[in-house]
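Student: Data: coords-v6.csv, CSV, C-alpha atoms.
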```
chain,number,residue,atom,x,y,z
A,6,MET,CA,0.0,0.0,0.0
A,7,ARG,CA,1.0,3.6,-0.5
A,8,ILE,CA,0.7,5.3,2.8
A,9,LEU,CA,1.2,9.0,3.7
A,10,ILE,CA,1.9,9.8,7.3
A,11,MET,CA,1.5,13.4,8.6
A,12,GLY,CA,3.6,14.1,11.6
A,13,CYS,CA,6.9,12.4,12.6
A,14,GLY,CA,6.6,12.4,16.3
A,15,ARG,CA,7.1,9.2,18.3
A,16,VAL,CA,3.9,7.6,17.1
A,17,GLY,CA,4.4,8.7,13.5
A,18,ALA,CA,8.0,7.6,13.4
A,19,GLY,CA,7.2,4.3,15.1
A,20,LEU,CA,4.3,3.5,12.7
A,21,ALA,CA,6.4,4.6,9.6
A,22,THR,CA,9.2,2.2,10.6
A,23,GLN,CA,6.8,-0.7,11.2
A,24,LEU,CA,4.9,-0.2,8.0
A,25,ALA,CA,8.1,0.2,6.0
A,26,ASP,CA,9.3,-3.1,7.5
A,27,GLU,CA,6.1,-4.7,6.4
A,28,GLY,CA,6.9,-3.7,2.8
A,29,HIS,CA,4.6,-0.7,2.3
A,30,GLU,CA,5.6,2.4,0.4
A,31,ILE,CA,5.8,5.2,3.0
A,32,THR,CA,6.0,9.0,2.8
A,33,VAL,CA,6.4,10.9,6.1
A,34,LEU,CA,5.6,14.6,6.2
A,35,ASP,CA,6.6,16.9,9.0
A,36,THR,CA,7.0,20.7,9.3
A,37,ASP,CA,10.3,20.3,11.2
A,38,SER,CA,13.1,18.3,9.5
A,39,PHE,CA,14.6,17.6,13.0
A,40,ALA,CA,11.6,15.2,13.6
A,41,PHE,CA,13.1,12.8,11.0
A,42,ASN,CA,15.9,12.0,13.5
A,43,ARG,CA,13.3,9.8,15.1
A,44,LEU,CA,13.4,7.5,12.1
A,45,LEU,CA,16.1,4.8,12.1
A,46,PRO,CA,18.8,5.2,9.4
A,47,LYS,CA,17.6,2.1,7.7
A,48,PHE,CA,14.2,3.6,7.0
A,49,SER,CA,13.6,3.4,3.3
A,50,GLY,CA,10.6,5.7,2.9
A,51,ARG,CA,10.4,9.3,1.7
A,52,ARG,CA,10.9,12.2,4.2
A,53,LEU,CA,9.3,15.5,3.2
A,54,VAL,CA,9.4,18.8,5.1
A,55,GLY,CA,6.1,20.7,4.9
A,56,SER,CA,2.7,21.1,6.3
A,57,GLY,CA,0.0,18.4,5.8
A,58,THR,CA,-2.7,21.1,5.8
A,59,ASP,CA,-1.1,22.8,2.7
A,60,ASP,CA,-2.5,21.5,-0.6
A,61,ARG,CA,0.7,22.0,-2.5
A,62,MET,CA,2.6,19.9,0.0
A,63,LEU,CA,-0.1,17.2,0.0
A,64,ILE,CA,0.1,17.0,-3.8
A,65,GLU,CA,3.9,16.9,-3.7
A,66,ALA,CA,3.7,14.1,-1.1
A,67,GLY,CA,1.5,12.1,-3.6
A,68,ILE,CA,-1.9,12.4,-1.9
A,69,GLU,CA,-3.6,11.9,-5.2
A,70,GLY,CA,-2.3,8.3,-5.5
A,71,THR,CA,-2.1,7.3,-1.9
A,72,ASP,CA,-4.2,4.5,-0.4
A,73,CYS,CA,-4.0,5.6,3.1
A,74,PHE,CA,-3.5,8.9,5.0
A,75,ILE,CA,-2.7,9.0,8.7
A,76,ALA,CA,-2.8,12.3,10.6
A,77,LEU,CA,-0.5,12.2,13.6
A,78,ALA,CA,0.6,15.9,14.0
A,79,SER,CA,0.5,17.5,17.4
A,80,GLY,CA,-2.6,19.7,16.8
A,81,ASP,CA,-6.1,18.2,16.7
A,82,ASN,CA,-7.4,20.9,14.4
A,83,ARG,CA,-4.6,20.4,11.9
A,84,ASN,CA,-5.1,16.7,11.9
A,85,ILE,CA,-8.8,17.1,11.3
A,86,LEU,CA,-8.4,19.7,8.6
A,87,ALA,CA,-5.8,17.6,6.7
A,88,SER,CA,-7.9,14.4,7.1
A,89,GLN,CA,-11.0,16.0,5.8
A,90,LYS,CA,-9.0,17.3,2.8
A,91,ALA,CA,-7.6,13.8,2.1
A,92,LYS,CA,-11.0,12.3,2.3
A,93,GLU,CA,-13.2,15.0,0.7
A,94,MET,CA,-10.9,16.7,-1.8
A,95,TYR,CA,-8.5,13.9,-2.8
A,96,GLY,CA,-10.7,10.8,-2.3
A,97,VAL,CA,-8.2,8.9,-0.2
A,98,LYS,CA,-10.0,5.6,0.8
A,99,THR,CA,-8.5,5.0,4.3
A,100,VAL,CA,-8.0,8.1,6.5
A,101,VAL,CA,-7.1,7.7,10.1
A,102,THR,CA,-7.0,10.8,12.4
A,103,ARG,CA,-5.5,11.2,15.9
A,104,VAL,CA,-7.6,13.6,18.0
A,105,LYS,CA,-6.4,14.2,21.5
A,106,ASP,CA,-9.6,15.8,22.7
A,107,PRO,CA,-12.0,12.9,23.3
A,108,LEU,CA,-15.1,15.0,22.5
A,109,ARG,CA,-13.8,16.3,19.2
A,110,SER,CA,-12.7,12.7,18.4
A,111,GLU,CA,-16.2,11.5,19.0
A,112,LEU,CA,-17.8,14.3,17.0
A,113,PHE,CA,-15.6,13.8,13.9
A,114,ALA,CA,-16.1,10.0,14.1
A,115,ARG,CA,-19.8,10.8,13.9
A,116,LEU,CA,-19.1,13.0,10.9
A,117,GLY,CA,-17.4,10.2,9.1
A,118,LEU,CA,-13.7,10.3,10.0
A,119,HIS,CA,-11.9,7.3,11.5
A,120,THR,CA,-10.6,9.0,14.6
A,121,PHE,CA,-9.0,7.7,17.7
A,122,SER,CA,-8.2,9.6,21.0
A,123,PRO,CA,-5.0,8.7,22.8
A,124,THR,CA,-6.4,10.6,25.8
A,125,LYS,CA,-9.4,8.3,26.0
A,126,VAL,CA,-7.2,5.3,25.6
A,127,GLY,CA,-4.9,6.6,28.4
A,128,VAL,CA,-7.8,7.3,30.7
A,129,THR,CA,-9.1,3.8,30.1
A,130,LEU,CA,-5.7,2.1,30.7
A,131,ALA,CA,-5.0,4.1,33.8
A,132,HIS,CA,-8.5,3.3,35.2
A,133,GLU,CA,-8.1,-0.4,34.5
A,134,ALA,CA,-4.7,-0.4,36.1
A,135,ILE,CA,-6.1,1.0,39.3
A,136,PHE,CA,-8.7,-1.6,39.7
A,137,GLN,CA,-6.6,-4.5,38.5
A,138,GLY,CA,-4.2,-3.7,41.3
A,139,ALA,CA,-6.9,-3.5,43.9
B,29,MET,CA,-29.3,37.3,19.3
B,30,TYR,CA,-26.4,35.6,21.0
B,31,ILE,CA,-23.2,35.8,18.9
B,32,ILE,CA,-19.9,34.1,19.6
B,33,VAL,CA,-16.8,35.4,17.9
B,34,VAL,CA,-13.7,33.1,18.0
B,35,GLY,CA,-10.5,35.0,17.5
B,36,GLY,CA,-9.5,38.3,19.0
B,37,GLY,CA,-7.1,39.5,16.3
B,38,ALA,CA,-7.6,42.6,14.2
B,39,VAL,CA,-10.7,41.1,12.5
B,40,GLY,CA,-12.3,39.8,15.7
B,41,TYR,CA,-11.6,43.1,17.5
B,42,GLY,CA,-13.1,45.2,14.7
B,43,LEU,CA,-16.1,42.9,14.6
B,44,ALA,CA,-16.5,43.3,18.4
B,45,LEU,CA,-16.5,47.1,18.2
B,46,GLU,CA,-19.2,47.0,15.5
B,47,LEU,CA,-21.4,44.5,17.3
B,48,GLN,CA,-21.2,46.5,20.5
B,49,GLN,CA,-22.9,49.3,18.7
B,50,MET,CA,-25.9,47.1,17.9
B,51,PRO,CA,-28.4,46.8,20.8
B,52,ASP,CA,-30.2,43.5,21.4
B,53,HIS,CA,-27.1,41.4,20.7
B,54,GLU,CA,-25.2,39.6,23.3
B,55,VAL,CA,-21.6,39.0,22.2
B,56,THR,CA,-18.8,36.9,23.5
B,57,ILE,CA,-15.2,37.1,22.0
B,58,VAL,CA,-13.0,34.1,22.5
B,59,GLU,CA,-9.3,34.6,22.4
B,60,LEU,CA,-6.6,31.9,22.7
B,61,SER,CA,-3.7,34.1,23.9
B,62,GLY,CA,-3.8,35.1,27.6
B,63,SER,CA,-1.9,38.4,27.1
B,64,ARG,CA,-4.1,39.4,24.1
B,65,THR,CA,-7.2,38.6,26.2
B,66,SER,CA,-6.1,41.0,29.0
B,67,GLN,CA,-5.4,43.7,26.4
B,68,LEU,CA,-8.8,43.3,24.8
B,69,ARG,CA,-10.6,43.2,28.2
B,70,ALA,CA,-9.0,46.4,29.2
B,71,GLU,CA,-10.3,48.0,26.0
B,72,ILE,CA,-13.7,46.4,25.4
B,73,GLY,CA,-14.5,44.7,28.7
B,74,GLU,CA,-15.9,41.5,30.1
B,75,MET,CA,-17.3,40.2,26.8
B,76,VAL,CA,-13.8,38.9,26.0
B,77,VAL,CA,-12.9,35.5,27.4
B,78,HIS,CA,-9.7,33.5,27.4
B,79,GLY,CA,-9.9,30.0,25.9
B,80,ASP,CA,-9.7,27.6,22.9
B,81,GLY,CA,-12.7,28.1,20.8
B,82,SER,CA,-12.4,24.8,19.1
B,83,GLU,CA,-12.6,22.9,22.4
B,84,ILE,CA,-16.1,21.5,23.0
B,85,ALA,CA,-15.9,21.6,26.8
B,86,PHE,CA,-14.9,25.3,26.7
B,87,LEU,CA,-17.6,26.3,24.1
B,88,GLU,CA,-20.2,24.7,26.4
B,89,GLY,CA,-19.0,26.9,29.2
B,90,VAL,CA,-19.6,30.1,27.1
B,91,GLY,CA,-23.1,28.9,26.2
B,92,ALA,CA,-22.6,27.7,22.7
B,93,GLY,CA,-25.8,25.7,23.1
B,94,ARG,CA,-27.9,28.8,22.9
B,95,ALA,CA,-25.8,30.7,20.4
B,96,ASP,CA,-27.6,31.9,17.2
B,97,LEU,CA,-24.4,32.7,15.3
B,98,LEU,CA,-20.7,31.7,15.6
B,99,ILE,CA,-18.0,33.5,13.7
B,100,ALA,CA,-14.5,32.0,13.5
B,101,VAL,CA,-11.9,34.6,12.5
B,102,THR,CA,-8.6,33.4,13.7
B,103,ALA,CA,-5.5,33.3,11.5
B,104,ASP,CA,-5.6,29.5,11.6
B,105,ASP,CA,-7.8,27.8,9.0
B,106,GLY,CA,-7.8,24.5,10.8
B,107,ALA,CA,-9.2,26.2,14.0
B,108,ASN,CA,-11.8,28.2,12.0
B,109,LEU,CA,-13.1,25.2,10.1
B,110,ILE,CA,-13.2,22.8,13.1
B,111,THR,CA,-14.7,25.5,15.4
B,112,CYS,CA,-17.6,26.0,12.9
B,113,GLN,CA,-18.1,22.2,12.5
B,114,VAL,CA,-18.2,21.8,16.3
B,115,ALA,CA,-20.7,24.7,16.6
B,116,LYS,CA,-22.9,23.3,13.9
B,117,HIS,CA,-22.8,19.6,14.6
B,118,TRP,CA,-22.3,19.5,18.4
B,119,PHE,CA,-24.2,22.6,19.6
B,120,ASN,CA,-26.6,23.0,16.6
B,121,VAL,CA,-25.7,26.7,16.2
B,122,LYS,CA,-28.0,27.9,13.4
B,123,ARG,CA,-25.4,29.9,11.4
B,124,THR,CA,-21.6,29.7,11.2
B,125,ILE,CA,-19.2,32.0,9.4
B,126,ALA,CA,-15.5,31.3,8.9
B,127,ARG,CA,-12.6,33.4,7.8
B,128,VAL,CA,-10.5,31.5,5.2
B,129,ASN,CA,-6.9,32.5,5.2
B,130,ASP,CA,-5.7,30.2,2.4
B,131,PRO,CA,-8.0,30.7,-0.6
B,132,ARG,CA,-7.4,27.1,-1.6
B,133,ASN,CA,-9.5,26.1,1.4
B,134,GLU,CA,-12.6,27.9,0.3
B,135,ALA,CA,-14.2,25.0,-1.5
B,136,LEU,CA,-13.5,22.6,1.4
B,137,PHE,CA,-15.1,24.9,4.0
B,138,LEU,CA,-18.3,25.3,2.0
B,139,ARG,CA,-18.5,21.6,1.3
B,140,LEU,CA,-18.2,20.8,4.9
B,141,GLY,CA,-21.1,22.9,5.9
B,142,VAL,CA,-19.7,26.3,7.0
B,143,ASP,CA,-22.6,28.6,6.0
B,144,SER,CA,-20.6,31.5,4.8
B,145,ILE,CA,-16.9,32.1,4.3
B,146,VAL,CA,-15.0,35.4,4.4
B,147,SER,CA,-11.8,35.3,2.4
B,148,ALA,CA,-9.5,38.4,2.4
B,149,ALA,CA,-7.6,37.0,-0.6
B,150,GLY,CA,-10.8,36.3,-2.4
B,151,ALA,CA,-12.2,39.8,-1.8
B,152,VAL,CA,-9.0,41.5,-2.9
B,153,MET,CA,-8.9,39.3,-6.0
B,154,ALA,CA,-12.4,40.4,-6.9
B,155,GLN,CA,-11.3,44.0,-6.6
B,156,ILE,CA,-8.3,43.4,-8.8
B,157,GLU,CA,-10.4,41.6,-11.3
B,158,ALA,CA,-12.8,44.5,-11.3
B,159,THR,CA,-10.0,46.9,-12.0
B,160,LEU,CA,-8.1,45.1,-14.7
B,161,PRO,CA,-9.7,45.5,-18.2
B,162,GLU,CA,-8.7,41.9,-19.1
B,163,HIS,CA,-10.7,40.6,-16.2
B,164,THR,CA,-14.1,41.8,-17.2
B,165,ILE,CA,-15.8,38.9,-15.5
B,166,ILE,CA,-16.3,39.4,-11.8
B,167,PRO,CA,-17.3,36.4,-9.7
B,168,LEU,CA,-19.9,37.5,-7.2
B,169,MET,CA,-20.9,34.3,-5.4
B,170,ALA,CA,-20.1,30.6,-5.6
B,171,LEU,CA,-23.1,28.3,-5.5
B,172,GLU,CA,-22.4,25.8,-2.8
B,173,GLY,CA,-21.8,22.2,-3.9
B,174,THR,CA,-22.0,23.0,-7.7
B,175,ARG,CA,-19.7,24.1,-10.5
B,176,LEU,CA,-21.9,27.1,-11.0
B,177,HIS,CA,-21.2,30.7,-9.9
B,178,VAL,CA,-22.9,34.0,-10.2
B,179,VAL,CA,-20.8,36.6,-12.2
B,180,ASP,CA,-21.0,40.2,-13.3
B,181,ILE,CA,-19.9,41.0,-16.8
B,182,ARG,CA,-19.9,44.4,-18.6
B,183,VAL,CA,-20.7,44.6,-22.3
B,184,GLN,CA,-17.8,46.5,-23.8
B,185,GLU,CA,-17.0,48.2,-27.1
B,186,GLY,CA,-16.5,45.6,-29.8
B,187,SER,CA,-18.5,42.9,-27.9
B,188,PRO,CA,-20.0,40.4,-30.3
B,189,ALA,CA,-23.2,40.5,-28.1
B,190,ALA,CA,-23.7,44.2,-28.4
B,191,GLY,CA,-26.8,45.1,-30.3
B,192,ARG,CA,-28.0,41.5,-30.5
B,193,ARG,CA,-31.0,39.7,-28.9
B,194,LEU,CA,-30.2,37.3,-26.1
B,195,ARG,CA,-32.0,34.5,-28.0
B,196,ASP,CA,-29.6,34.9,-30.9
B,197,LEU,CA,-26.5,34.4,-28.8
B,198,GLU,CA,-25.0,30.9,-28.7
B,199,PHE,CA,-24.0,30.5,-25.1
B,200,PRO,CA,-22.2,27.4,-23.8
B,201,PRO,CA,-24.6,25.0,-22.0
B,202,GLU,CA,-26.0,25.9,-18.5
B,203,VAL,CA,-25.5,29.6,-18.9
B,204,LEU,CA,-28.4,31.7,-17.5
B,205,VAL,CA,-28.5,35.5,-17.9
B,206,SER,CA,-30.5,36.5,-14.9
B,207,VAL,CA,-30.4,40.3,-14.8
B,208,VAL,CA,-29.4,43.0,-17.2
B,209,ILE,CA,-28.5,46.4,-15.7
B,210,GLY,CA,-28.7,49.2,-18.3
B,211,LYS,CA,-29.3,52.9,-18.4
B,212,GLN,CA,-33.0,52.3,-17.6
B,213,GLY,CA,-32.2,50.3,-14.5
B,214,ALA,CA,-32.2,46.5,-13.8
B,215,ASN,CA,-34.4,44.1,-15.7
B,216,VAL,CA,-35.0,40.4,-15.8
B,217,PRO,CA,-34.3,39.8,-19.5
B,218,SER,CA,-36.3,37.8,-22.0
B,219,GLY,CA,-35.0,36.3,-25.3
B,220,ASP,CA,-35.9,39.6,-27.0
B,221,THR,CA,-33.7,41.7,-24.7
B,222,VAL,CA,-31.0,43.5,-26.7
B,223,LEU,CA,-27.7,44.0,-25.0
B,224,GLN,CA,-26.1,47.4,-25.3
B,225,VAL,CA,-22.5,48.6,-24.8
B,226,GLY,CA,-22.2,49.6,-21.2
B,227,ASP,CA,-24.8,47.2,-19.9
B,228,GLU,CA,-23.9,45.1,-16.9
B,229,VAL,CA,-25.0,41.4,-17.1
B,230,ILE,CA,-25.5,39.2,-14.0
B,231,ALA,CA,-25.4,35.6,-15.0
B,232,VAL,CA,-25.3,32.1,-13.5
B,233,ILE,CA,-22.6,30.1,-15.4
B,234,PRO,CA,-20.4,27.0,-14.9
B,235,ARG,CA,-16.9,28.0,-13.9
B,236,GLU,CA,-15.4,26.3,-16.9
B,237,SER,CA,-17.4,28.6,-19.2
B,238,ASP,CA,-15.8,31.8,-17.8
B,239,ALA,CA,-13.5,32.4,-20.8
B,240,ALA,CA,-16.2,31.6,-23.4
B,241,VAL,CA,-18.9,33.8,-21.7
B,242,ARG,CA,-16.4,36.7,-21.2
B,243,LYS,CA,-15.4,36.6,-24.8
B,244,MET,CA,-19.0,36.6,-25.9
B,245,ILE,CA,-20.4,39.3,-23.6
B,246,ALA,CA,-17.4,41.5,-22.7
B,247,GLY,CA,-15.8,41.3,-26.1
B,248,PRO,CA,-12.1,41.1,-27.1
B,249,ILE,CA,-9.5,41.8,-24.5
B,250,GLU,CA,-7.7,45.1,-24.9
B,251,GLY,CA,-4.1,44.7,-25.9
B,252,ALA,CA,-4.4,40.9,-26.2
```
As structure tokens, please, write out the structure in this file.
Tutor:
Amino acid sequence: MRILIMGCGRVGAGLATQLADEGHEITVLDTDSFAFNRLLPKFSGRRLVGSGTDDRMLIEAGIEGTDCFIALASGDNRNILASQKAKEMYGVKTVVTRVKDPLRSELFARLGLHTFSPTKVGVTLAHEAIFQGA
Amino acid sequence: MYIIVVGGGAVGYGLALELQQMPDHEVTIVELSGSRTSQLRAEIGEMVVHGDGSEIAFLEGVGAGRADLLIAVTADDGANLITCQVAKHWFNVKRTIARVNDPRNEALFLRLGVDSIVSAAGAVMAQIEATLPEHTIIPLMALEGTRLHVVDIRVQEGSPAAGRRLRDLEFPPEVLVSVVIGKQGANVPSGDTVLQVGDEVIAVIPRESDAAVRKMIAGPIEGA
């Protein structure tokens, strides 16, 4: 699959590495070239400096031929904006969006995005851990 | 009416001053920066609150559930779009208006249900187009979700349409001449209406027909 990842933080870099190992064709986009230091030297995918909310960048990153777009930048709004572009304007089939705010995550899931909230996951895990220990 | 303005920059501030003059409106200005909030509160008072206007929990606190209108005018297109979507789909705010900073985002905003967009670049472009003789077709309004837009074209000297009846003009498909503004005032034309040099024509046309319609009504481009 051709996969475009927006945001090369710990999650973005980790996912990019794993997907590249599995043989997928990966492009990673980040506004800060320093973020690419999180990728191992053996990473074979493309690294591109630019914003995933900018149409010119998205096109340069190959959004038009991509099978999957994953938004993992730090800002919720930027992730949601870019994901809606990928889905609505460029017709990307699989779009996954990280939304830290659990309420916004719920709302945009209702509006058709595949969202997940690390905050909600964290709350659940912490809550479970408390009562497992008890 | 209860109006929430998100973004206390130059646009939000100007808007707040205008809205303050209108009685019967309750207005809240939401500003993300703490220091900017203090500055605005010193100037225009308690109506300014500090917070993230795209955050659902925060919007609930400022009464978004009873807002009639939400206007998002920050410098960040992501924040403006998402704030309007949250207002519309979470709080059922009747009307949302967003500022679009990057003109390439205009189509997306309208498609995703923002009721009106305000684009500085778009507005300036329309002015430029109105000034340049080679841009004699002025886009007035895009029709949401279609390829159609409403345009204003002036019949100029040398126009192939001048002195001819509308019914005799071979327009591209889906072109509708809605209003002709001449010396006698504005008229809804019939097929027998004859266009005169100096007339202004308001038409609904598909975007891809801009060049063809311009050539036909406005006439040859000077110096081209």
Student: Near Met11 (chain A), counting only C-alpha atoms, which residues have an atom at most 10 Å away, once you skip same-chain residues fewer than 6 positions from it, shown as a list in words?
Tutor: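 Answer for this query is Gly17, Ala18, Thr32, Val33, Leu34, Asp35, Thr36, Leu53, Gly55, Ser56, Gly57, Thr58, Leu63, Ala66, Phe74, Ile75, Ala76, Leu77, Ala78, Ser79, Arg83, Asn84, Ala87, Ser88 and Thr102 of chain A.
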Student: Just write the chosen residues, C-alpha atoms, as a JSON list (two decimals), in the frame of the given file.
Tutor:
```json
[["chain", "number", "residue", "atom", "x", "y", "z"],
["A", 17, "GLY", "CA", 4.40, 8.70, 13.50],
["A", 18, "ALA", "CA", 8.00, 7.60, 13.40],
["A", 32, "THR", "CA", 6.00, 9.00, 2.80],
["A", 33, "VAL", "CA", 6.40, 10.90, 6.10],
["A", 34, "LEU", "CA", 5.60, 14.60, 6.20],
["A", 35, "ASP", "CA", 6.60, 16.90, 9.00],
["A", 36, "THR", "CA", 7.00, 20.70, 9.30],
["A", 53, "LEU", "CA", 9.30, 15.50, 3.20],
["A", 55, "GLY", "CA", 6.10, 20.70, 4.90],
["A", 56, "SER", "CA", 2.70, 21.10, 6.30],
["A", 57, "GLY", "CA", 0.00, 18.40, 5.80],
["A", 58, "THR", "CA", -2.70, 21.10, 5.80],
["A", 63, "LEU", "CA", -0.10, 17.20, 0.00],
["A", 66, "ALA", "CA", 3.70, 14.10, -1.10],
["A", 74, "PHE", "CA", -3.50, 8.90, 5.00],
["A", 75, "ILE", "CA", -2.70, 9.00, 8.70],
["A", 76, "ALA", "CA", -2.80, 12.30, 10.60],
["A", 77, "LEU", "CA", -0.50, 12.20, 13.60],
["A", 78, "ALA", "CA", 0.60, 15.90, 14.00],
["A", 79, "SER", "CA", 0.50, 17.50, 17.40],
["A", 83, "ARG", "CA", -4.60, 20.40, 11.90],
["A", 84, "ASN", "CA", -5.10, 16.70, 11.90],
["A", 87, "ALA", "CA", -5.80, 17.60, 6.70],
["A", 88, "SER", "CA", -7.90, 14.40, 7.10],
["A", 102, "THR", "CA", -7.00, 10.80, 12.40]]
```
Student: Please find the residues of chain A near chain B - the criterion being any atom within 9 Å, counting all atoms listed in the file - and write them as a tab-separated table (two decimals) with C-alpha atoms, keeping the file's coordinate frame.
Tutor:
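In the end it all went to selection_22.tsv:
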```tsv
chain	number	residue	atom	x	y	z
A	58	THR	CA	-2.70	21.10	5.80
A	59	ASP	CA	-1.10	22.80	2.70
A	60	ASP	CA	-2.50	21.50	-0.60
A	81	ASP	CA	-6.10	18.20	16.70
A	82	ASN	CA	-7.40	20.90	14.40
A	83	ARG	CA	-4.60	20.40	11.90
A	84	ASN	CA	-5.10	16.70	11.90
A	85	ILE	CA	-8.80	17.10	11.30
A	86	LEU	CA	-8.40	19.70	8.60
A	87	ALA	CA	-5.80	17.60	6.70
A	89	GLN	CA	-11.00	16.00	5.80
A	90	LYS	CA	-9.00	17.30	2.80
A	93	GLU	CA	-13.20	15.00	0.70
A	94	MET	CA	-10.90	16.70	-1.80
A	106	ASP	CA	-9.60	15.80	22.70
A	108	LEU	CA	-15.10	15.00	22.50
A	109	ARG	CA	-13.80	16.30	19.20
A	112	LEU	CA	-17.80	14.30	17.00
A	113	PHE	CA	-15.60	13.80	13.90
A	116	LEU	CA	-19.10	13.00	10.90
```
Student: Pick out the residues sitting within 12 Å of Ile181 (chain B), and hand them over as JSON, numbers by chain; count all atoms listed in the file, and ignore anything fewer than 3 positions along from it in its own chain.
Tutor: {"B": [157, 158, 161, 162, 163, 164, 165, 166, 167, 168, 178, 184, 187, 189, 205, 206, 207, 208, 209, 223, 225, 226, 227, 228, 229, 230, 231, 232, 233, 238, 239, 241, 242, 243, 244, 245, 246, 247]}
Student: When you count only C-alpha atoms, which of these residues is closest to Phe199 (chain B): B:Asn120, B:Ser237, B:Asn129, B:Thr221?
Tutor: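 Residue with the minimum atom-to-atom distance to Phe199 (chain B): B:Ser237.
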Student: Record the distance separating CA of Val33 (chain B) and CA of Gly150 (chain B), expressed in Å with one decimal.
Tutor: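 CA of Gly150 (chain B) lies 21.2 Å from CA of Val33 (chain B).
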Student: Hey, can you check how far CA of Gly70 (chain A) sits from CA of Ala91 (chain A)?
Tutor: 10.8 Å
Student: So, counting only C-alpha atoms, which residue among A:Ala134, A:Val100, A:Leu9, A:Ala25 is closest to Glu65 (chain A)?
Tutor: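 Closest to Glu65 (chain A) of all the choices is A:Leu9.
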Student: Rounded to one decimal place, report the CA of Glu30 (chain A)-CA of Gly80 (chain A) distance in Å.
Tutor: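 Separation of CA of Glu30 (chain A) and CA of Gly80 (chain A): 25.2 Å.
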Student: Which residue out of B:Ala103, B:Met29, B:Ala151, B:Ile72 has the minimum interatomic distance to Arg123 (chain B) when only C-alpha atoms are used?
Tutor: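 Checking each candidate against Arg123 (chain B), we get B:Met29 as the closest.
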Student: With only C-alpha atoms as the counted atoms, please give the residues lying no more than 7 Å from Glu59 (chain B), apart from itself and same-chain residues fewer than 3 positions off, as a PyMOL selection string.
Tutor: chain B and resi 34-36+65+77-79
Student: Kindly save the residues from that selection, with C-alpha atoms included, as an mmCIF file, keeping the file's coordinate frame.
Tutor:
```cif
data_model
loop_
_atom_site.group_PDB
_atom_site.id
_atom_site.type_symbol
_atom_site.label_atom_id
_atom_site.label_comp_id
_atom_site.auth_asym_id
_atom_site.auth_seq_id
_atom_site.Cartn_x
_atom_site.Cartn_y
_atom_site.Cartn_z
ATOM 1 C CA VAL B 34 -13.700 33.100 18.000
ATOM 2 C CA GLY B 35 -10.500 35.000 17.500
ATOM 3 C CA GLY B 36 -9.500 38.300 19.000
ATOM 4 C CA THR B 65 -7.200 38.600 26.200
ATOM 5 C CA VAL B 77 -12.900 35.500 27.400
ATOM 6 C CA HIS B 78 -9.700 33.500 27.400
ATOM 7 C CA GLY B 79 -9.900 30.000 25.900
#
```
Student: Out of A:Asp72, A:Pro107, A:Ala114, A:Ile31, which residue has the shortest atom-to-atom distance to Gly50 (chain A) when counting all atoms listed in the file?
Tutor: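 Closest candidate: A:Ile31.
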Student: So that I can see what lies close to Val104 (chain A), please list as a ChimeraX atom specification the residues with an atom at most 7 Å from it, counting all atoms listed in the file and leaving out residues fewer than 6 positions away in the same chain.
Tutor: /A:81,110,120-122
Student: Nearest to Gly12 (chain A) among A:Arg103, A:Gly117, A:Arg61, A:Val97, with distances taken over all atoms listed in the file: which residue is it?
Tutor: A:Arg103
